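A.B. asks: Pasting target.txt here (compact mmCIF, N, CA, C and O atoms):
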```
# COMPACT_ATOMS: atom_id res chain seq x y z
N MET A 124 13.51 80.26 48.72
CA MET A 124 12.19 80.57 49.27
C MET A 124 11.66 79.36 50.03
O MET A 124 11.72 78.24 49.55
N LEU A 125 11.15 79.58 51.21
CA LEU A 125 10.63 78.50 52.04
C LEU A 125 9.23 78.10 51.57
O LEU A 125 8.43 78.95 51.18
N PRO A 126 8.93 76.80 51.60
CA PRO A 126 7.60 76.35 51.19
C PRO A 126 6.55 76.72 52.22
O PRO A 126 6.84 76.83 53.42
N THR A 127 5.33 76.89 51.76
CA THR A 127 4.20 77.15 52.65
C THR A 127 3.58 75.81 53.06
O THR A 127 3.79 74.79 52.38
N PRO A 128 2.80 75.80 54.14
CA PRO A 128 2.09 74.56 54.48
C PRO A 128 1.22 74.05 53.33
O PRO A 128 1.12 72.84 53.10
N GLU A 129 0.62 74.98 52.59
CA GLU A 129 -0.23 74.59 51.46
C GLU A 129 0.58 73.89 50.38
O GLU A 129 0.12 72.91 49.78
N GLN A 130 1.79 74.38 50.12
CA GLN A 130 2.65 73.74 49.13
C GLN A 130 3.05 72.34 49.57
O GLN A 130 3.04 71.41 48.77
N VAL A 131 3.39 72.19 50.84
CA VAL A 131 3.76 70.87 51.37
C VAL A 131 2.58 69.92 51.24
O VAL A 131 2.73 68.77 50.82
N ARG A 132 1.39 70.41 51.57
CA ARG A 132 0.18 69.59 51.41
C ARG A 132 0.02 69.16 49.95
O ARG A 132 -0.24 67.99 49.66
N ASP A 133 0.20 70.08 49.04
CA ASP A 133 0.07 69.77 47.61
C ASP A 133 1.13 68.77 47.16
O ASP A 133 0.84 67.89 46.36
N TYR A 134 2.36 68.91 47.66
CA TYR A 134 3.43 67.96 47.31
C TYR A 134 3.05 66.55 47.74
O TYR A 134 3.23 65.59 47.00
N ILE A 135 2.53 66.43 48.97
CA ILE A 135 2.15 65.11 49.49
C ILE A 135 1.00 64.54 48.67
O ILE A 135 1.05 63.39 48.23
N ALA A 136 -0.03 65.35 48.43
CA ALA A 136 -1.21 64.89 47.70
C ALA A 136 -0.88 64.51 46.26
O ALA A 136 -1.51 63.62 45.70
N ALA A 137 0.11 65.17 45.67
CA ALA A 137 0.49 64.86 44.29
C ALA A 137 1.21 63.52 44.20
O ALA A 137 1.16 62.85 43.16
N GLY A 138 1.89 63.11 45.27
CA GLY A 138 2.67 61.89 45.21
C GLY A 138 2.08 60.70 45.94
O GLY A 138 2.65 59.61 45.91
N LEU A 139 0.93 60.91 46.61
CA LEU A 139 0.34 59.85 47.41
C LEU A 139 -1.18 60.02 47.38
O LEU A 139 -1.67 61.12 47.65
N PRO A 140 -1.92 58.96 47.04
CA PRO A 140 -3.39 59.11 47.04
C PRO A 140 -3.89 59.29 48.48
O PRO A 140 -3.74 58.41 49.31
N CYS A 141 -4.46 60.45 48.76
CA CYS A 141 -4.88 60.79 50.12
C CYS A 141 -6.36 61.09 50.19
O CYS A 141 -6.93 61.69 49.28
N GLU A 142 -6.95 60.70 51.30
CA GLU A 142 -8.33 61.05 51.61
C GLU A 142 -8.38 62.44 52.27
O GLU A 142 -9.34 63.16 52.13
N HIS A 143 -7.31 62.74 53.01
CA HIS A 143 -7.24 64.00 53.77
C HIS A 143 -5.77 64.32 54.04
O HIS A 143 -5.00 63.43 54.37
N VAL A 144 -5.41 65.58 53.87
CA VAL A 144 -4.07 66.04 54.24
C VAL A 144 -4.22 67.41 54.88
O VAL A 144 -4.82 68.31 54.29
N ASP A 145 -3.69 67.56 56.08
CA ASP A 145 -3.70 68.85 56.77
C ASP A 145 -2.26 69.13 57.20
O ASP A 145 -1.64 68.30 57.87
N VAL A 146 -1.73 70.28 56.78
CA VAL A 146 -0.34 70.63 57.10
C VAL A 146 -0.32 72.02 57.73
O VAL A 146 -0.93 72.96 57.22
N THR A 147 0.40 72.14 58.83
CA THR A 147 0.66 73.43 59.45
C THR A 147 2.17 73.56 59.58
O THR A 147 2.90 72.57 59.56
N GLY A 148 2.64 74.80 59.71
CA GLY A 148 4.07 74.98 59.89
C GLY A 148 4.51 76.39 59.64
O GLY A 148 3.72 77.26 59.29
N ASP A 149 5.84 76.59 59.80
CA ASP A 149 6.41 77.93 59.72
C ASP A 149 7.35 78.14 58.54
O ASP A 149 8.06 79.13 58.49
N GLY A 150 7.39 77.21 57.62
CA GLY A 150 8.27 77.36 56.46
C GLY A 150 9.40 76.37 56.43
O GLY A 150 9.90 76.02 55.37
N SER A 151 9.83 75.91 57.59
CA SER A 151 10.87 74.88 57.60
C SER A 151 10.49 73.69 58.48
O SER A 151 10.90 72.57 58.22
N HIS A 152 9.66 73.92 59.51
CA HIS A 152 9.17 72.85 60.37
C HIS A 152 7.66 72.71 60.13
O HIS A 152 6.94 73.70 60.21
N PHE A 153 7.23 71.47 59.87
CA PHE A 153 5.83 71.23 59.54
C PHE A 153 5.26 70.08 60.35
O PHE A 153 5.98 69.16 60.73
N ASP A 154 3.95 70.17 60.60
CA ASP A 154 3.18 69.09 61.22
C ASP A 154 2.10 68.70 60.22
O ASP A 154 1.43 69.59 59.67
N ALA A 155 1.94 67.39 60.01
CA ALA A 155 0.96 66.94 59.03
C ALA A 155 0.12 65.79 59.58
O ALA A 155 0.62 64.94 60.32
N VAL A 156 -1.16 65.82 59.21
CA VAL A 156 -2.05 64.68 59.41
C VAL A 156 -2.39 64.20 58.01
O VAL A 156 -2.91 64.96 57.19
N ILE A 157 -2.04 62.94 57.73
CA ILE A 157 -2.20 62.39 56.39
C ILE A 157 -3.04 61.13 56.49
O ILE A 157 -2.71 60.22 57.25
N VAL A 158 -4.13 61.10 55.73
CA VAL A 158 -5.04 59.96 55.74
C VAL A 158 -5.04 59.34 54.35
O VAL A 158 -5.33 60.03 53.36
N SER A 159 -4.69 58.05 54.27
CA SER A 159 -4.60 57.40 52.97
C SER A 159 -4.90 55.91 53.08
O SER A 159 -4.48 55.25 54.04
N ASN A 160 -5.59 55.37 52.09
CA ASN A 160 -5.80 53.93 52.00
C ASN A 160 -4.47 53.20 51.78
O ASN A 160 -4.36 52.02 52.08
N ALA A 161 -3.48 53.90 51.25
CA ALA A 161 -2.17 53.29 51.00
C ALA A 161 -1.49 52.85 52.30
O ALA A 161 -0.56 52.04 52.27
N PHE A 162 -1.96 53.35 53.44
CA PHE A 162 -1.37 53.00 54.73
C PHE A 162 -1.92 51.69 55.30
O PHE A 162 -1.39 51.19 56.29
N GLU A 163 -2.97 51.15 54.71
CA GLU A 163 -3.58 49.92 55.21
C GLU A 163 -2.54 48.81 55.34
O GLU A 163 -1.78 48.55 54.41
N GLY A 164 -2.49 48.19 56.51
CA GLY A 164 -1.61 47.06 56.74
C GLY A 164 -0.13 47.39 56.87
O GLY A 164 0.70 46.49 56.92
N LYS A 165 0.21 48.68 56.92
CA LYS A 165 1.61 49.09 57.02
C LYS A 165 1.94 49.61 58.41
O LYS A 165 1.12 50.26 59.04
N ARG A 166 3.15 49.32 58.84
CA ARG A 166 3.63 49.84 60.12
C ARG A 166 3.95 51.33 59.96
O ARG A 166 4.12 51.81 58.85
N PRO A 167 4.05 52.05 61.08
CA PRO A 167 4.32 53.50 60.99
C PRO A 167 5.55 53.85 60.14
O PRO A 167 5.49 54.80 59.35
N ILE A 168 6.64 53.12 60.25
CA ILE A 168 7.83 53.47 59.48
C ILE A 168 7.58 53.34 57.98
O ILE A 168 8.03 54.18 57.19
N ALA A 169 6.84 52.32 57.58
CA ALA A 169 6.52 52.15 56.15
C ALA A 169 5.60 53.26 55.67
O ALA A 169 5.71 53.74 54.53
N ARG A 170 4.69 53.70 56.53
CA ARG A 170 3.80 54.81 56.18
C ARG A 170 4.60 56.09 55.98
O ARG A 170 4.39 56.82 55.01
N HIS A 171 5.53 56.35 56.89
CA HIS A 171 6.37 57.55 56.77
C HIS A 171 7.23 57.49 55.52
O HIS A 171 7.42 58.51 54.85
N GLN A 172 7.72 56.31 55.18
CA GLN A 172 8.53 56.16 53.97
C GLN A 172 7.72 56.50 52.72
O GLN A 172 8.24 57.09 51.78
N LEU A 173 6.43 56.16 52.71
CA LEU A 173 5.57 56.53 51.58
C LEU A 173 5.46 58.05 51.45
O LEU A 173 5.49 58.59 50.35
N VAL A 174 5.33 58.72 52.59
CA VAL A 174 5.24 60.18 52.57
C VAL A 174 6.57 60.79 52.11
O VAL A 174 6.60 61.69 51.27
N TYR A 175 7.68 60.28 52.65
CA TYR A 175 9.00 60.78 52.24
C TYR A 175 9.21 60.57 50.74
O TYR A 175 9.77 61.44 50.06
N ALA A 176 8.76 59.43 50.22
CA ALA A 176 8.90 59.16 48.78
C ALA A 176 8.07 60.17 47.98
O ALA A 176 8.51 60.64 46.92
N ALA A 177 6.89 60.51 48.48
CA ALA A 177 6.05 61.50 47.79
C ALA A 177 6.72 62.87 47.77
O ALA A 177 6.61 63.62 46.79
N LEU A 178 7.44 63.20 48.84
CA LEU A 178 8.12 64.50 48.92
C LEU A 178 9.44 64.51 48.18
O LEU A 178 9.92 65.57 47.76
N GLY A 179 10.05 63.35 48.00
CA GLY A 179 11.30 63.23 47.25
C GLY A 179 12.40 64.12 47.80
O GLY A 179 12.59 64.24 49.01
N ASP A 180 13.13 64.77 46.91
CA ASP A 180 14.27 65.60 47.29
C ASP A 180 13.89 66.84 48.09
O ASP A 180 14.75 67.49 48.67
N ARG A 181 12.59 67.16 48.12
CA ARG A 181 12.17 68.33 48.90
C ARG A 181 12.47 68.16 50.38
O ARG A 181 12.68 69.13 51.09
N MET A 182 12.51 66.90 50.85
CA MET A 182 12.85 66.66 52.26
C MET A 182 14.29 67.06 52.56
O MET A 182 14.62 67.43 53.65
N LYS A 183 15.15 66.98 51.57
CA LYS A 183 16.56 67.34 51.77
C LYS A 183 16.78 68.84 51.57
O LYS A 183 17.60 69.44 52.25
N ALA A 184 16.06 69.42 50.62
CA ALA A 184 16.34 70.79 50.23
C ALA A 184 15.43 71.83 50.88
O ALA A 184 15.90 72.83 51.40
N GLU A 185 14.12 71.61 50.83
CA GLU A 185 13.16 72.65 51.23
C GLU A 185 12.59 72.48 52.63
O GLU A 185 12.32 73.45 53.32
N ILE A 186 12.38 71.23 53.04
CA ILE A 186 11.67 70.96 54.29
C ILE A 186 12.67 70.49 55.33
O ILE A 186 13.28 69.43 55.19
N HIS A 187 12.85 71.29 56.36
CA HIS A 187 13.83 70.97 57.40
C HIS A 187 13.32 69.84 58.30
O HIS A 187 14.07 68.93 58.64
N ALA A 188 12.06 69.90 58.71
CA ALA A 188 11.51 68.89 59.61
C ALA A 188 10.03 68.70 59.34
O ALA A 188 9.31 69.65 59.07
N LEU A 189 9.61 67.44 59.40
CA LEU A 189 8.21 67.10 59.18
C LEU A 189 7.78 66.10 60.25
O LEU A 189 8.32 64.99 60.31
N SER A 190 6.85 66.51 61.08
CA SER A 190 6.24 65.61 62.06
C SER A 190 4.91 65.20 61.46
O SER A 190 4.16 66.04 60.96
N MET A 191 4.62 63.89 61.48
CA MET A 191 3.38 63.46 60.82
C MET A 191 2.64 62.38 61.58
O MET A 191 3.24 61.57 62.27
N ARG A 192 1.32 62.47 61.46
CA ARG A 192 0.42 61.39 61.88
C ARG A 192 -0.10 60.78 60.59
O ARG A 192 -0.70 61.47 59.77
N THR A 193 0.16 59.50 60.40
CA THR A 193 -0.28 58.80 59.19
C THR A 193 -1.36 57.80 59.57
O THR A 193 -1.12 56.89 60.35
N LEU A 194 -2.54 58.00 59.04
CA LEU A 194 -3.70 57.21 59.43
C LEU A 194 -4.42 56.64 58.21
O LEU A 194 -4.45 57.26 57.15
N THR A 195 -5.04 55.47 58.40
CA THR A 195 -5.95 54.95 57.40
C THR A 195 -7.27 55.70 57.58
O THR A 195 -7.52 56.29 58.63
N PRO A 196 -8.16 55.66 56.58
CA PRO A 196 -9.47 56.31 56.77
C PRO A 196 -10.22 55.79 58.00
O PRO A 196 -10.85 56.57 58.72
N GLY A 197 -10.13 54.50 58.27
CA GLY A 197 -10.80 53.94 59.45
C GLY A 197 -10.22 54.47 60.75
O GLY A 197 -10.95 54.78 61.69
N GLU A 198 -8.90 54.55 60.81
CA GLU A 198 -8.23 55.09 62.00
C GLU A 198 -8.59 56.56 62.19
O GLU A 198 -8.80 57.01 63.33
N TYR A 199 -8.65 57.28 61.11
CA TYR A 199 -8.98 58.72 61.16
C TYR A 199 -10.41 58.91 61.68
O TYR A 199 -10.66 59.78 62.52
N ALA A 200 -11.34 58.08 61.21
CA ALA A 200 -12.73 58.17 61.65
C ALA A 200 -12.83 57.88 63.15
O ALA A 200 -13.56 58.56 63.87
N LYS A 201 -12.08 56.88 63.62
CA LYS A 201 -12.10 56.54 65.05
C LYS A 201 -11.47 57.64 65.90
O LYS A 201 -11.88 57.88 67.02
N ALA A 202 -10.45 58.30 65.34
CA ALA A 202 -9.74 59.36 66.08
C ALA A 202 -10.62 60.60 66.25
O ALA A 202 -10.40 61.40 67.15
N GLY A 203 -11.55 60.79 65.33
CA GLY A 203 -12.46 61.92 65.43
C GLY A 203 -11.84 63.27 65.12
O GLY A 203 -12.30 64.29 65.57
N ASP A 204 -10.75 63.25 64.32
CA ASP A 204 -10.09 64.52 63.98
C ASP A 204 -10.96 65.28 63.01
O ASP A 204 -11.06 65.31 61.95
```
Show me this structure written as structure tokens.
C.D. replies:
Amino acid sequence: MLPTPEQVRDYIAAGLPCEHVDVTGDGSHFDAVIVSNAFEGKRPIARHQLVYAALGDRMKAEIHALSMRTLTPGEYAKAGD
């Protein structure tokens, strides 16, 4: 069974302290906007690694592709999303 965007959002939120998580997708390809204080001072690759760690084996088994914007709360406020 393919995961829903809501399930992917819940997986991320369960493994990473987030201020905001928004996930859209079709069951195998997902787009996410993730806002977390954990991203402070980290480069984009380190931020993505935190998200991948939160998803664990689901990235190999359930989620075919995940495109993400990883922002700190300050960056998110400036972006106006």
A.B. asks: Please indicate the distance in Å from CA of Lys183 in chain A to CA of Gly164 in chain A, rounded to one decimal place.
C.D. replies: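 Atom-to-atom, CA of Lys183 in chain A to CA of Gly164 in chain A, that is 27.7 Å.
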A.B. asks: Tell me which residues come within 8 Å of (-3.1, 55.1, 53.0), as an mmCIF file with N, CA, C and O atoms, in the coordinates of the input, counting all atoms listed in the file in the file's coordinates.
C.D. replies:
```cif
data_model
loop_
_atom_site.group_PDB
_atom_site.id
_atom_site.type_symbol
_atom_site.label_atom_id
_atom_site.label_comp_id
_atom_site.auth_asym_id
_atom_site.auth_seq_id
_atom_site.Cartn_x
_atom_site.Cartn_y
_atom_site.Cartn_z
ATOM 1 N N LEU A 139 0.930 60.910 46.610
ATOM 2 C CA LEU A 139 0.340 59.850 47.410
ATOM 3 C C LEU A 139 -1.180 60.020 47.380
ATOM 4 O O LEU A 139 -1.670 61.120 47.650
ATOM 5 N N PRO A 140 -1.920 58.960 47.040
ATOM 6 C CA PRO A 140 -3.390 59.110 47.040
ATOM 7 C C PRO A 140 -3.890 59.290 48.480
ATOM 8 O O PRO A 140 -3.740 58.410 49.310
ATOM 9 N N CYS A 141 -4.460 60.450 48.760
ATOM 10 C CA CYS A 141 -4.880 60.790 50.120
ATOM 11 C C CYS A 141 -6.360 61.090 50.190
ATOM 12 O O CYS A 141 -6.930 61.690 49.280
ATOM 13 N N GLU A 142 -6.950 60.700 51.300
ATOM 14 C CA GLU A 142 -8.330 61.050 51.610
ATOM 15 C C GLU A 142 -8.380 62.440 52.270
ATOM 16 O O GLU A 142 -9.340 63.160 52.130
ATOM 17 N N ILE A 157 -2.040 62.940 57.730
ATOM 18 C CA ILE A 157 -2.200 62.390 56.390
ATOM 19 C C ILE A 157 -3.040 61.130 56.490
ATOM 20 O O ILE A 157 -2.710 60.220 57.250
ATOM 21 N N VAL A 158 -4.130 61.100 55.730
ATOM 22 C CA VAL A 158 -5.040 59.960 55.740
ATOM 23 C C VAL A 158 -5.040 59.340 54.350
ATOM 24 O O VAL A 158 -5.330 60.030 53.360
ATOM 25 N N SER A 159 -4.690 58.050 54.270
ATOM 26 C CA SER A 159 -4.600 57.400 52.970
ATOM 27 C C SER A 159 -4.900 55.910 53.080
ATOM 28 O O SER A 159 -4.480 55.250 54.040
ATOM 29 N N ASN A 160 -5.590 55.370 52.090
ATOM 30 C CA ASN A 160 -5.800 53.930 52.000
ATOM 31 C C ASN A 160 -4.470 53.200 51.780
ATOM 32 O O ASN A 160 -4.360 52.020 52.080
ATOM 33 N N ALA A 161 -3.480 53.900 51.250
ATOM 34 C CA ALA A 161 -2.170 53.290 51.000
ATOM 35 C C ALA A 161 -1.490 52.850 52.300
ATOM 36 O O ALA A 161 -0.560 52.040 52.270
ATOM 37 N N PHE A 162 -1.960 53.350 53.440
ATOM 38 C CA PHE A 162 -1.370 53.000 54.730
ATOM 39 C C PHE A 162 -1.920 51.690 55.300
ATOM 40 O O PHE A 162 -1.390 51.190 56.290
ATOM 41 N N GLU A 163 -2.970 51.150 54.710
ATOM 42 C CA GLU A 163 -3.580 49.920 55.210
ATOM 43 C C GLU A 163 -2.540 48.810 55.340
ATOM 44 O O GLU A 163 -1.780 48.550 54.410
ATOM 45 N N GLY A 164 -2.490 48.190 56.510
ATOM 46 C CA GLY A 164 -1.610 47.060 56.740
ATOM 47 C C GLY A 164 -0.130 47.390 56.870
ATOM 48 O O GLY A 164 0.700 46.490 56.920
ATOM 49 N N ARG A 170 4.690 53.700 56.530
ATOM 50 C CA ARG A 170 3.800 54.810 56.180
ATOM 51 C C ARG A 170 4.600 56.090 55.980
ATOM 52 O O ARG A 170 4.390 56.820 55.010
ATOM 53 N N THR A 193 0.160 59.500 60.400
ATOM 54 C CA THR A 193 -0.280 58.800 59.190
ATOM 55 C C THR A 193 -1.360 57.800 59.570
ATOM 56 O O THR A 193 -1.120 56.890 60.350
ATOM 57 N N LEU A 194 -2.540 58.000 59.040
ATOM 58 C CA LEU A 194 -3.700 57.210 59.430
ATOM 59 C C LEU A 194 -4.420 56.640 58.210
ATOM 60 O O LEU A 194 -4.450 57.260 57.150
ATOM 61 N N THR A 195 -5.040 55.470 58.400
ATOM 62 C CA THR A 195 -5.950 54.950 57.400
ATOM 63 C C THR A 195 -7.270 55.700 57.580
ATOM 64 O O THR A 195 -7.520 56.290 58.630
ATOM 65 N N PRO A 196 -8.160 55.660 56.580
ATOM 66 C CA PRO A 196 -9.470 56.310 56.770
ATOM 67 C C PRO A 196 -10.220 55.790 58.000
ATOM 68 O O PRO A 196 -10.850 56.570 58.720
#
```
A.B. asks: If you measure from CA of Pro128 in chain A to CA of Phe153 in chain A, what distance in Å do you get, rounded to one decimal?
C.D. replies: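 Computing it gives 7.1 Å between the two atoms.
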A.B. asks: Mind giving me the straight-line distance from atom C of Asp154 in chain A to CA of Thr127 in chain A in Å, one decimal?
C.D. replies: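 So the answer is 11.5 Å.
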A.B. asks: Would you please give, as an MDAnalysis selection string, all residues of chain A that DSSP assigns to strand (DSSP E or B) based on the backbone?
C.D. replies: chainID A and resid 143:148 152:158 188:194
A.B. asks: With all atoms listed in the file as the basis for distance, which of A:Ala177, A:Ile186, A:Ser151, A:Ala200 is at the shortest distance from Ala136 in chain A?
C.D. replies: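 Result for the nearest residue to Ala136 in chain A: A:Ala177.
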A.B. asks: Kindly list the centre and edge lengths in Å, rounded to one decimal, for the axis-aligned box that covers all listed atoms of range 162-167 of chain A plus 6 Å on each of its six sides, as AutoDock Vina command-line options.
C.D. replies:
```
--center_x 1.0 --center_y 50.6 --center_z 57.3 --size_x 21.1 --size_y 20.3 --size_z 19.6
```
A.B. asks: Which residue, A:Arg132, A:His152, A:His143, A:His171, has the smallest gap to Met191 in chain A when you use only C-alpha atoms?
C.D. replies: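 So, comparing all the options, the nearest one is A:His171.
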A.B. asks: Using only C-alpha atoms, which of A:Ala184, A:Tyr175, A:Ser190, A:Ala202 sits nearest Pro126 in chain A?
C.D. replies: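 Closest candidate: A:Ala184.
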A.B. asks: Run DSSP on the backbone and give me the residues of chain A it puts in alpha helix (DSSP H), as number ranges by chain.
C.D. replies: A: 128-138, 167-178, 181-184, 196-202
